[in-house]
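Visitor: One structure follows; several queries about it will come next.
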Amino acid sequence: MATFSEIESKVGMKAEVSHPELVAVFDSNNNKLFVHPEVAQDLLNQGYRNAPLDVRATLSEFVAIAEAAIKAVEEFIEGVISDNEINTSDESAAVTAGFAMGKLMQVYNGLMADTYKTYPVVQGESIKLVGEDGKETQADPNQLDDFLKKGFKQI
Amino acid sequence: METVLRVDPDLGRIFVPEIFKKLISYPGMPTKRMADQGEFAIWTAVQKRQNEKGFLETIWASITHNERVDRGASIQVNAMFGTVGTTPNGVFSSVAVASSALTKNKADLSLGSTSANVTTNEFTTIGLSRVTGTVQNYVAPASLGATFSVDVYKSFSVSGSGTAHGAGLFDSNTPTGSNLYAEDNFSSTAVLISGDTLNVTATVTN
């Protein structure tokens, strides 16, 4: 009798898998997670991404929301000056404008956070110095003169 | 036309345009106008499209508002007191997307129409047909008598081409017998193609 390992498989690899192919989503820290397709959409709605973090995607959201917010503010102001009074409808428009600006600020904060998460913060190169005791240190270029006055020498 | 706003003990009679008298409140006197946000819904719609690099790019957004229609009020009074108003067909969590510009009327029963049970101005295909949204983000009144707010959110996966003009909130996914709560046109139209995502949120204040 043939052993199990000697039996040739008649089915494709995918057919042997008892669950659908998992979908990759990315959390706010760019961690890749594989989840069931039905769960993926819910996660995407909650802020997960279907691709690694891309600042340009967040920027596009900021631009679109900004344009919508401008329109919301315009609608409020136009409503007021059209009849020279702030009526109940205008106040609803004012709330909507405030809501839109709040949403814009939320997206802006996300955009800033995404940018700082994605790209390194680079500082200017420090200057190497050696003290009178022979110990090496590093200083900001703007403070070079101060260190030299204290007896440090530039390496 | 000018009118006397008030007689100030130091300044005497203060004349202002008539409109200002209606608006200005001042110390020691009743508030002229109470902030009344009314019953309305803020509609936030966001269109996303996958770009060539696979990222979901936001290509359009709209934030608008409109007041509750009469039928919405009728449903609410019935839910509260039972013997008056219109019996609801469910809860107002069904999100519909408008397929044409809405001529809004306080007596509307369907999207942009005073006729009941019609989908004349409503998408029934391409993934935009009326569907139940998620009720979330309840914010309780900040003070006694203040309004609460709650979101009804739905993410539509678009499977064809079309132009979305607005949205509405109903109490049933089945048009026949359903009741409209609020509707509005978007600030501009969303031109959709297959593969797009249209996220619609109705933030209801009451």
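Naming scheme: A, B, ... for chains in displayed order of the structure tokens; residues 1 onward per chain; ligands 1 onward as shown.
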May I have the residues within 7 Å of segment 70-81 of chain A as a PyMOL selection string, using only C-alpha atoms and disregarding those fewer than 2 positions away in the same chain?

Guide: (chain A and resi 66-68+83-86+90+93-94+96-97+100) or (chain B and resi 63-64)

Visitor: What parts of chain A does DSSP call alpha helix (DSSP H)? I'd like the answer as number ranges by chain.

Guide: A: 13-16, 37-45, 55-83, 88-118, 144-149

Visitor: Give the residues of chain B that lie within 6 Å of chain A; count only C-alpha atoms, and format the answer as a PDB file with N, CA and C atoms, in the first residue's frame.

Guide:
```
ATOM      1  N   GLN B  37     -30.037  74.939  17.041  1.00  0.00           N
ATOM      2  CA  GLN B  37     -29.490  74.234  15.884  1.00  0.00           C
ATOM      3  C   GLN B  37     -30.567  73.459  15.138  1.00  0.00           C
ATOM      4  N   PHE B  55      -2.778  52.957  -3.845  1.00  0.00           N
ATOM      5  CA  PHE B  55      -3.232  53.686  -2.680  1.00  0.00           C
ATOM      6  C   PHE B  55      -4.638  54.216  -2.901  1.00  0.00           C
ATOM      7  N   GLU B  57      -6.833  56.969  -2.890  1.00  0.00           N
ATOM      8  CA  GLU B  57      -6.678  58.414  -2.945  1.00  0.00           C
ATOM      9  C   GLU B  57      -8.048  59.063  -2.801  1.00  0.00           C
ATOM     10  N   THR B  58      -8.140  60.078  -1.985  1.00  0.00           N
ATOM     11  CA  THR B  58      -9.396  60.815  -1.844  1.00  0.00           C
ATOM     12  C   THR B  58      -9.468  61.835  -2.974  1.00  0.00           C
ATOM     13  N   TRP B  60     -12.543  63.446  -3.888  1.00  0.00           N
ATOM     14  CA  TRP B  60     -13.674  64.378  -3.796  1.00  0.00           C
ATOM     15  C   TRP B  60     -14.274  64.272  -2.394  1.00  0.00           C
ATOM     16  N   ALA B  61     -14.802  65.376  -1.912  1.00  0.00           N
ATOM     17  CA  ALA B  61     -15.491  65.346  -0.619  1.00  0.00           C
ATOM     18  C   ALA B  61     -16.551  66.430  -0.586  1.00  0.00           C
ATOM     19  N   SER B  62     -17.531  66.228   0.246  1.00  0.00           N
ATOM     20  CA  SER B  62     -18.611  67.203   0.380  1.00  0.00           C
ATOM     21  C   SER B  62     -19.106  67.191   1.824  1.00  0.00           C
ATOM     22  N   ILE B  63     -19.316  68.378   2.379  1.00  0.00           N
ATOM     23  CA  ILE B  63     -19.904  68.478   3.718  1.00  0.00           C
ATOM     24  C   ILE B  63     -21.035  69.505   3.645  1.00  0.00           C
TER      25      ILE B  63
END
```

Visitor: Mind listing the strand (DSSP E or B) residues of segment 26-195 of chain B, per DSSP on the backbone, as a ChimeraX atom specification?

Guide: /B:40-50,56-67,94-98,110,113,122,131-132,134-139,149-157,162-170,180-192

Visitor: Just the residues within 10 Å of segment 110-125 of chain B, please, counting only C-alpha atoms, with nothing from its chain fewer than 6 positions along; format it as a ChimeraX atom specification.

Guide: /B:71,96-104,158-170,174-185

Visitor: Measure the distance from atom CA of Thr205 of chain B to atom CA of Val152 of chain B in Å and round it to one decimal.

Guide: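 We find that atom CA of Thr205 of chain B and atom CA of Val152 of chain B lie 11.3 Å from each other.
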